[in-house]
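Following: one structure in structure tokens, then a few remarks.
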Amino acid sequence: MLLIIVDAYSKWLEVKVTSSTTTSATTAILEEIFAAYGSPITIVIDNGPQFTAAEFKSFLRTNGVKYHKKTAPYHPSTNRQAERYVQTVKDALKNMATTPATLQHNLHQFLRQYRKAPHATTGQSPAQLFLGRSIRTNLDLVRPEETNVRVTQKLQQASINTMFREFQPKQLVYFLSGNPRMDKWLPGIVVTRLGDLHYEIDYSGKKIKRHADQIRNRPVREKRMQRTNWPTHDESFKQPRRIHFYGKEHNLRDKTPPSTPRYESESDSYVTGSSGSLTPTNSPRERRSSPPLSLRRSSRISRPPQRFVPG
């Protein structure tokens, strides 16, 4: 059994296959249609028992249908538009050699072509009047150039819109990794553009797809000019990044500051006087009486840290 519903203005046709004509089954189908297209203001139906029940009237009142009109008994021409479409659907299914197994498929094929074709009364297709646009079917494959024109227009609008972020092929970028074990932003090279906002990025030989919001521009760093007063020898740049001033096996006290003068040897510690006698220049007493050497300390004045105290 079929439940046929037609829009009086646009001639939009809905055909639902049902195995029951009860009020609950009918209201379930209407509820689905109302959810998809909204509730109508006026509904015209015949005098079937499922349409005259109190449950059906309560359903229409709940969904905001203001006028519930019924046709005159034994006068189906009162609702002639719906009756005309009943005959149209039956003829179409008959010409398609419809069986119970192919009923739903043939019905979909018929509705798709009917909704796209211009109507004899309105001069426009039911889809254009009901949806405000023409639906796409297999007939559009005969004219593929129109699809290309639409895609070109969309790309032109995207280029004009300043909210679109664009990247060129072979451009150096950073992209969001999405892997908690890796860095958040990884360097890559744009391979191609997949759509309005999607790009394919090459990262270490791997092709990764990312949205434009997940890509950032990577500026090219210029090489710094070498100063004239910098050392030019290659070995001067081989210094370690961290210098340890004190080794593990040496102590600070064992090291002598480089500024401390060294004592001369005993052979050089004597000079010849006028009487010909040898006079020691540095006696052991003088060595013992010499003040102890002190380590050099920083002359910077240390100040206590200024801590934040909430007022």
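Chains: A, B, ... in order of the structure tokens. Residues: from 1 per chain. Ligands: from 1, in order shown.
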Problem set entry | Test item: residues at most 9 Å from range 59-61 of chain A, only C-alpha atoms, excluding those fewer than 6 positions along its chain, as a ChimeraX atom specification | /A:27,31,39,67-68
Check the DSSP output for the backbone and give back, as a compact mmCIF listing (two decimals) with N, CA and C atoms, in the first residue's frame, the residues of range 91-122 of chain A in alpha helix (DSSP H).
```txt
# COMPACT_ATOMS: atom_id res chain seq x y z
N ASP A 91 0.64 4.44 -12.93
CA ASP A 91 1.07 4.25 -14.33
C ASP A 91 2.59 4.13 -14.43
N ALA A 92 3.31 4.93 -13.66
CA ALA A 92 4.78 4.87 -13.71
C ALA A 92 5.30 3.54 -13.21
N LEU A 93 4.76 3.04 -12.12
CA LEU A 93 5.20 1.75 -11.59
C LEU A 93 4.83 0.61 -12.51
N LYS A 94 3.70 0.73 -13.20
CA LYS A 94 3.29 -0.31 -14.14
C LYS A 94 4.21 -0.34 -15.35
N ASN A 95 4.57 0.83 -15.86
CA ASN A 95 5.47 0.88 -17.01
C ASN A 95 6.88 0.40 -16.67
N LEU A 103 9.83 -2.63 -5.75
CA LEU A 103 8.91 -1.52 -5.56
C LEU A 103 9.63 -0.28 -5.04
N GLN A 104 10.41 -0.43 -3.99
CA GLN A 104 11.07 0.74 -3.39
C GLN A 104 12.10 1.35 -4.33
N HIS A 105 12.85 0.52 -5.04
CA HIS A 105 13.87 1.04 -5.96
C HIS A 105 13.23 1.80 -7.12
N ASN A 106 12.21 1.22 -7.74
CA ASN A 106 11.54 1.89 -8.85
C ASN A 106 10.85 3.18 -8.40
N LEU A 107 10.34 3.17 -7.19
CA LEU A 107 9.68 4.36 -6.68
C LEU A 107 10.69 5.51 -6.50
N HIS A 108 11.88 5.18 -6.04
CA HIS A 108 12.92 6.21 -5.89
C HIS A 108 13.36 6.76 -7.24
N GLN A 109 13.49 5.88 -8.22
CA GLN A 109 13.89 6.35 -9.55
C GLN A 109 12.83 7.27 -10.15
N PHE A 110 11.58 6.93 -9.97
CA PHE A 110 10.51 7.77 -10.50
C PHE A 110 10.46 9.14 -9.83
N LEU A 111 10.56 9.15 -8.50
CA LEU A 111 10.50 10.42 -7.77
C LEU A 111 11.69 11.32 -8.10
N ARG A 112 12.86 10.73 -8.32
CA ARG A 112 14.03 11.54 -8.64
C ARG A 112 13.86 12.27 -9.97
N GLN A 113 13.35 11.57 -10.97
CA GLN A 113 13.16 12.22 -12.27
C GLN A 113 11.96 13.16 -12.27
N TYR A 114 10.93 12.80 -11.53
CA TYR A 114 9.74 13.66 -11.51
C TYR A 114 10.04 15.00 -10.84
N ARG A 115 10.77 14.97 -9.74
CA ARG A 115 11.04 16.20 -8.99
C ARG A 115 11.98 17.15 -9.75
N LYS A 116 12.76 16.61 -10.67
CA LYS A 116 13.69 17.46 -11.41
C LYS A 116 13.06 18.03 -12.68
```
For this session: Point out the residue among A:Ile33, A:Ile201, A:Leu295, A:Leu176 with the least atom-to-atom distance to Asp213 in chain A, counting only C-alpha atoms.
Result: A:Leu176
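Straight-line separation from CA of Met1 in chain A to CA of Thr18 in chain A: 5.5 Å.
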Exercise. Expressed in Å to a single decimal, how great is the separation between CA of Arg218 in chain A and CA of His198 in chain A?
Worked result: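 The value is 17.4 Å.
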Problem set entry | Separation of CA of Arg143 in chain A from CA of Ala120 in chain A, in Å and rounded to one decimal | 23.7 Å
Exercise. Which residues, written as a ChimeraX atom specification, have at least one atom at most 9 Å from Pro126 in chain A, with only C-alpha atoms counted and residues fewer than 3 positions away on the same chain left out?
Worked result: /A:9-13,114-119,122,129-131,134
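Minimum atom-to-atom distances from A:Val44, A:Leu3, A:Val309, A:Ile189 to Thr22 in chain A were compared using only C-alpha atoms, and the lowest value belongs to A:Leu3.
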Problem set entry | A:Pro304, A:Gly132, A:Pro40, A:Pro219 ranked by distance to Val65 in chain A, top pick (using only C-alpha atoms) |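 Checking each candidate against Val65 in chain A, we get A:Pro40 as the closest.
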Problem set entry | Nearest candidate to Glu200 in chain A (options A:Gly123, A:Gln171, A:Val220, A:Pro180; using only C-alpha atoms) | A:Gln171
Exercise. Which polymer residues have any atom within 10 Å of an atom of Lys209 in chain A, counting only C-alpha atoms, with same-chain residues fewer than 5 positions away left out, as a PyMOL selection string?
Worked result: chain A and resi 175+190-194+198-202+214
With C-alpha atoms retained, export the selected residues as an mmCIF file, in the first residue's frame.
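Final output, part.cif:
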```cif
data_model
loop_
_atom_site.group_PDB
_atom_site.id
_atom_site.type_symbol
_atom_site.label_atom_id
_atom_site.label_comp_id
_atom_site.auth_asym_id
_atom_site.auth_seq_id
_atom_site.Cartn_x
_atom_site.Cartn_y
_atom_site.Cartn_z
ATOM 1 C CA PHE A 175 52.028 21.518 10.573
ATOM 2 C CA VAL A 190 53.496 21.562 0.831
ATOM 3 C CA VAL A 191 53.023 19.047 -2.001
ATOM 4 C CA THR A 192 49.632 19.966 -3.445
ATOM 5 C CA ARG A 193 46.271 21.460 -2.612
ATOM 6 C CA LEU A 194 43.510 18.900 -2.068
ATOM 7 C CA HIS A 198 43.074 20.918 2.770
ATOM 8 C CA TYR A 199 46.698 20.379 1.769
ATOM 9 C CA GLU A 200 49.032 17.453 1.323
ATOM 10 C CA ILE A 201 52.348 17.891 3.160
ATOM 11 C CA ASP A 202 55.578 15.948 2.730
ATOM 12 C CA GLN A 214 46.647 23.154 11.254
#
```
